[in-house]
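Participant: Please see the structure below; I have some questions.
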Amino acid sequence: MSEEKTNKLNFSFARRYVEEQILTQAMNYLEGNPEKNIPRLTKIFEKMTPVQLHREFIGNIRTFYEENEAIKTYMNSLFTDIDRDVRNKFVTDFVINSLMLSSERRIQVQDEEHIHVPYTFLIDPTSACNLKCTGCWAGEYTKHDQLEPELFDRILTEAKELGIYAVVVSGGEPFVYPYLLDIAEKHNDMAFMIYTNGTRIDEEVADKIKTLGNISPAISLEGWETETDARRGEGTFQKIMDAMSRLRERGLFFGTSVTVTRNNVKELTSDEFIDFLVEQGVKYMWAFHYVPIGRQPDPDLMLLPEQRAYMAKRSAYLRLNKPLPIIDFWNDGSYTEGCIAGGKCFFHINARGDVEPCAFVHFAVENIKDKSLREVLKNPLFTAYQKGQPFSDNMLCPCPIIDKPDALRQIVKETGAYPTHEGAETVLSGEMASYLDQHAAAWKEVADPIWNNRQR
């Protein structure tokens, strides 16, 4: 290693250490009086953050905190409900490593190597799962696929070299993967959010998550017990409640992931259900609209246009009136400038190693087993995706699967992408494709007036 590179690494480590110590002391200081000191801390973050967009985001957080009671309650709870060591560790990995320092590296790679490096990526270490949920998006992947621990380790090492320090893990069921916690421990400077069914989070696993401090589980729910057990199996809801109890008792930072369908949209967005989640200790909620892919896809579960319009309005209301952040992917395109897939903000590596644009777009042109992460980020499928983004001028229609299905067909045709499991190609032609075209057209009729009104 050259002397210049060694000096740069030493400087980076020293800077990371100093900023970590400052942040830890600041977070501990906040415990005494978060209502008074949170605005002060956000000003410190603004000065430390090199990216203008991130500075604006932090400034907006301060404004919302000072002006909105629900947001104030939520942020205060991070100091009353979350274990101090867990909070400090996760904030260090997420704020300093992922937002502050690594953003400079991603920009450097883009400037010097002309590679766009996303903020994060989604990876499936295994396709195995202990449940068999109806309509699972990953239900048609081969069940015996698994990333070798050496490969998983190599991918994360290469990610950090490119400036990616936040990783999302899914499956299959990640906690079935025997090396998961060992990998998170080895890469303890990275923040891991893990989509999980929650049934494998026993006392031992919960203790280990607390010890590590860099893992945040996002547990899947379909609504109340009847709805959850109907899709995920009898007794699953109670196992989830037990897991949440273990996480809450240890002061861990965890969330939930819900699949919104035609049948449960009102339930999942009701005051009663949101209040219930807050009581269980849930600190964030991912809302995924049902997409007809995977195991026995059923387009009749997709939200009707009027239901999606309702959810767009309802999610915005809940965010301002409940102490629980809700991310409504397909309706939040205005915050992300449309679709975030294809390496723009994230991409997906499945358990076979296929590099896909999105968890819901099961097509690929390359496999991570054969190439480095740096190489696959330059693949033609991602290039075509980024060239087409945003796929619509209306950011309420961001998705090339359900909102602009013709865009996905063109990209697959142009790049020669292969389906990563049997049946993935049904979204491109035939009966399902025809349905998606009609569905997209019906939503556009409803979405255009809403979007145009927002722009006035």
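If you're wondering about the labels, chains in the structure tokens are A, B, ... by order shown, residues count from 1 in each chain, ligands from 1 in order shown.
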Write out as a ChimeraX atom specification which residues come within 10 Å of Val109 in chain A when counting only C-alpha atoms, dropping same-chain ones fewer than 4 positions away.

Facilitator: /A:104-105,113-117,161-163,374

Participant: Do you know which residues are at most 10 Å from Glu225 in chain A counting only C-alpha atoms, after dropping those on the same chain fewer than 6 positions away, and could you put them as a PyMOL selection string?

Facilitator: chain A and resi 234-238+240-241

Participant: Step one, run DSSP on the backbone; step two, keep only residues of range 66-184 of chain A assigned to helix (DSSP H, G or I); then write them as a ChimeraX atom specification.

Facilitator: /A:66-67,69-80,84-113,149-162,174-176,180-184

Participant: Any chance you can output those residues with C-alpha atoms as a PDB file, in the first residue's frame?

Facilitator:
ATOM      1  CA  GLU A  66     -40.273  22.095  16.841  1.00  0.00           C
ATOM      2  CA  GLU A  67     -43.657  22.437  15.142  1.00  0.00           C
ATOM      3  CA  GLU A  69     -46.257  17.256  18.539  1.00  0.00           C
ATOM      4  CA  ALA A  70     -46.383  13.718  17.109  1.00  0.00           C
ATOM      5  CA  ILE A  71     -42.889  14.003  15.652  1.00  0.00           C
ATOM      6  CA  LYS A  72     -41.621  15.492  18.887  1.00  0.00           C
ATOM      7  CA  THR A  73     -43.113  12.571  20.832  1.00  0.00           C
ATOM      8  CA  TYR A  74     -41.504  10.093  18.461  1.00  0.00           C
ATOM      9  CA  MET A  75     -38.031  11.603  18.603  1.00  0.00           C
ATOM     10  CA  ASN A  76     -38.173  11.928  22.380  1.00  0.00           C
ATOM     11  CA  SER A  77     -39.058   8.223  22.565  1.00  0.00           C
ATOM     12  CA  LEU A  78     -35.734   7.357  20.942  1.00  0.00           C
ATOM     13  CA  PHE A  79     -34.126   8.577  24.170  1.00  0.00           C
ATOM     14  CA  THR A  80     -36.624   7.047  26.586  1.00  0.00           C
ATOM     15  CA  ARG A  84     -28.286   3.855  25.270  1.00  0.00           C
ATOM     16  CA  ASP A  85     -25.555   1.581  23.870  1.00  0.00           C
ATOM     17  CA  VAL A  86     -27.818   0.288  21.097  1.00  0.00           C
ATOM     18  CA  ARG A  87     -28.888   3.800  20.152  1.00  0.00           C
ATOM     19  CA  ASN A  88     -25.338   5.133  20.125  1.00  0.00           C
ATOM     20  CA  LYS A  89     -24.054   2.195  18.078  1.00  0.00           C
ATOM     21  CA  PHE A  90     -26.812   2.323  15.498  1.00  0.00           C
ATOM     22  CA  VAL A  91     -26.642   6.090  15.134  1.00  0.00           C
ATOM     23  CA  THR A  92     -22.861   5.886  14.771  1.00  0.00           C
ATOM     24  CA  ASP A  93     -23.108   3.320  11.965  1.00  0.00           C
ATOM     25  CA  PHE A  94     -26.089   4.963  10.300  1.00  0.00           C
ATOM     26  CA  VAL A  95     -25.394   8.670  10.716  1.00  0.00           C
ATOM     27  CA  ILE A  96     -21.586   8.884  10.710  1.00  0.00           C
ATOM     28  CA  ASN A  97     -20.603   5.872   8.613  1.00  0.00           C
ATOM     29  CA  SER A  98     -23.553   5.781   6.193  1.00  0.00           C
ATOM     30  CA  LEU A  99     -24.521   9.430   5.846  1.00  0.00           C
ATOM     31  CA  MET A 100     -21.592  11.623   6.753  1.00  0.00           C
ATOM     32  CA  LEU A 101     -18.328   9.958   5.806  1.00  0.00           C
ATOM     33  CA  SER A 102     -19.315   7.388   3.195  1.00  0.00           C
ATOM     34  CA  SER A 103     -21.184   9.888   1.029  1.00  0.00           C
ATOM     35  CA  GLU A 104     -17.868  11.520   0.188  1.00  0.00           C
ATOM     36  CA  ARG A 105     -16.480   8.175  -0.953  1.00  0.00           C
ATOM     37  CA  ARG A 106     -19.510   7.457  -3.174  1.00  0.00           C
ATOM     38  CA  ILE A 107     -19.134  10.846  -4.820  1.00  0.00           C
ATOM     39  CA  GLN A 108     -15.412  10.239  -5.321  1.00  0.00           C
ATOM     40  CA  VAL A 109     -16.043   6.885  -7.042  1.00  0.00           C
ATOM     41  CA  GLN A 110     -18.605   8.465  -9.315  1.00  0.00           C
ATOM     42  CA  ASP A 111     -16.298  11.349 -10.238  1.00  0.00           C
ATOM     43  CA  GLU A 112     -13.167   9.246 -10.760  1.00  0.00           C
ATOM     44  CA  GLU A 113     -14.570   5.963 -12.083  1.00  0.00           C
ATOM     45  CA  PRO A 149     -20.475 -16.801   3.945  1.00  0.00           C
ATOM     46  CA  GLU A 150     -17.210 -15.979   2.161  1.00  0.00           C
ATOM     47  CA  LEU A 151     -19.182 -14.442  -0.717  1.00  0.00           C
ATOM     48  CA  PHE A 152     -21.456 -12.479   1.623  1.00  0.00           C
ATOM     49  CA  ASP A 153     -18.374 -11.206   3.434  1.00  0.00           C
ATOM     50  CA  ARG A 154     -16.708 -10.267   0.153  1.00  0.00           C
ATOM     51  CA  ILE A 155     -19.766  -8.333  -1.042  1.00  0.00           C
ATOM     52  CA  LEU A 156     -19.922  -6.292   2.176  1.00  0.00           C
ATOM     53  CA  THR A 157     -16.193  -5.589   2.089  1.00  0.00           C
ATOM     54  CA  GLU A 158     -16.464  -4.344  -1.485  1.00  0.00           C
ATOM     55  CA  ALA A 159     -19.520  -2.291  -0.554  1.00  0.00           C
ATOM     56  CA  LYS A 160     -17.567  -0.405   2.099  1.00  0.00           C
ATOM     57  CA  GLU A 161     -14.752   0.217  -0.353  1.00  0.00           C
ATOM     58  CA  LEU A 162     -17.323   1.991  -2.546  1.00  0.00           C
ATOM     59  CA  PRO A 174     -32.704 -14.151   7.065  1.00  0.00           C
ATOM     60  CA  PHE A 175     -32.614 -15.613  10.572  1.00  0.00           C
ATOM     61  CA  VAL A 176     -32.644 -19.111   9.038  1.00  0.00           C
ATOM     62  CA  LEU A 180     -26.181 -13.943   9.690  1.00  0.00           C
ATOM     63  CA  LEU A 181     -25.190 -12.697  13.129  1.00  0.00           C
ATOM     64  CA  ASP A 182     -21.540 -13.603  12.608  1.00  0.00           C
ATOM     65  CA  ILE A 183     -21.484 -11.519   9.422  1.00  0.00           C
ATOM     66  CA  ALA A 184     -23.118  -8.557  11.201  1.00  0.00           C
TER      67      ALA A 184
END

Participant: Of the candidates A:Tyr284, A:Trp137, A:Phe45, A:Phe276, which one gets nearest to Ala218 in chain A if we count only C-alpha atoms?

Facilitator: A:Tyr284

Participant: Looking only at strand (DSSP E) from DSSP on the backbone, list the matching residues of range 148-360 of chain A as a PyMOL selection string.

Facilitator: chain A and resi 166-169+191-196+215-221+255-260+285-289+326-328+348-349+355-356

Participant: Write out as an MDAnalysis selection string which residues come within 9 Å of Pro39 in chain A when counting only C-alpha atoms, dropping same-chain ones fewer than 6 positions away.

Facilitator: chainID A and resid 61:63 65:66

Participant: Using only C-alpha atoms for the distances, tell me which of A:Ala309, A:Met190, A:Ile209, A:Leu324 is nearest to Ile164 in chain A.

Facilitator: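 Ranking A:Ala309, A:Met190, A:Ile209, A:Leu324 by distance to Ile164 in chain A, first place goes to A:Met190.
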
Participant: Using only C-alpha atoms, which residues of range 202-296 of chain A come within 9 Å of range 357-370 of chain A, and what is the closest atom pair for each, with the distance in Å to one decimal? Give it as a tab-separated table, sorted by chain and residue number.

Facilitator:
residue	atom	partner	partner_atom	distance
A:Val291	CA	A:Phe360	CA	7.5
A:Ile293	CA	A:Phe360	CA	7.1
A:Gly294	CA	A:Phe360	CA	8.5

Participant: Those residues you just picked out, can you put them in a file as an mmCIF file, in the first residue's frame with N, CA and C atoms?

Facilitator:
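Result written to selection35.cif:
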data_model
loop_
_atom_site.group_PDB
_atom_site.id
_atom_site.type_symbol
_atom_site.label_atom_id
_atom_site.label_comp_id
_atom_site.auth_asym_id
_atom_site.auth_seq_id
_atom_site.Cartn_x
_atom_site.Cartn_y
_atom_site.Cartn_z
ATOM 1 N N VAL A 291 -47.770 -6.408 -5.143
ATOM 2 C CA VAL A 291 -47.391 -6.517 -6.550
ATOM 3 C C VAL A 291 -47.553 -7.978 -6.962
ATOM 4 N N ILE A 293 -46.411 -10.750 -8.181
ATOM 5 C CA ILE A 293 -45.253 -11.550 -8.574
ATOM 6 C C ILE A 293 -45.054 -12.626 -7.516
ATOM 7 N N GLY A 294 -44.136 -13.549 -7.769
ATOM 8 C CA GLY A 294 -43.809 -14.554 -6.762
ATOM 9 C C GLY A 294 -44.783 -15.714 -6.756
#

Participant: Please list as a count of residues only every residue within 12 Å of His289 in chain A, counting only C-alpha atoms and excluding residues in the same chain fewer than 6 positions away.

Facilitator: 33

Participant: Choose the residue, out of A:Lys186, A:Lys266, A:Arg295, A:Arg231, that has the smallest atom-to-atom separation from Cys136 in chain A; count only C-alpha atoms.

Facilitator: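 The answer is A:Arg295, which sits nearest to Cys136 in chain A.
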
Participant: Given only C-alpha atoms as the basis, pick out the residue of A:Thr426, A:Ser434, A:Gln280, A:Asn394 nearest to Asn452 in chain A.

Facilitator: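 Closest residue, counting only C-alpha atoms: A:Asn394.
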
Participant: CA of Arg250 in chain A and CA of Lys208 in chain A, how far apart in Å?

Facilitator: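 Calculated distance between CA of Lys208 in chain A and CA of Arg250 in chain A is 10.6 Å.
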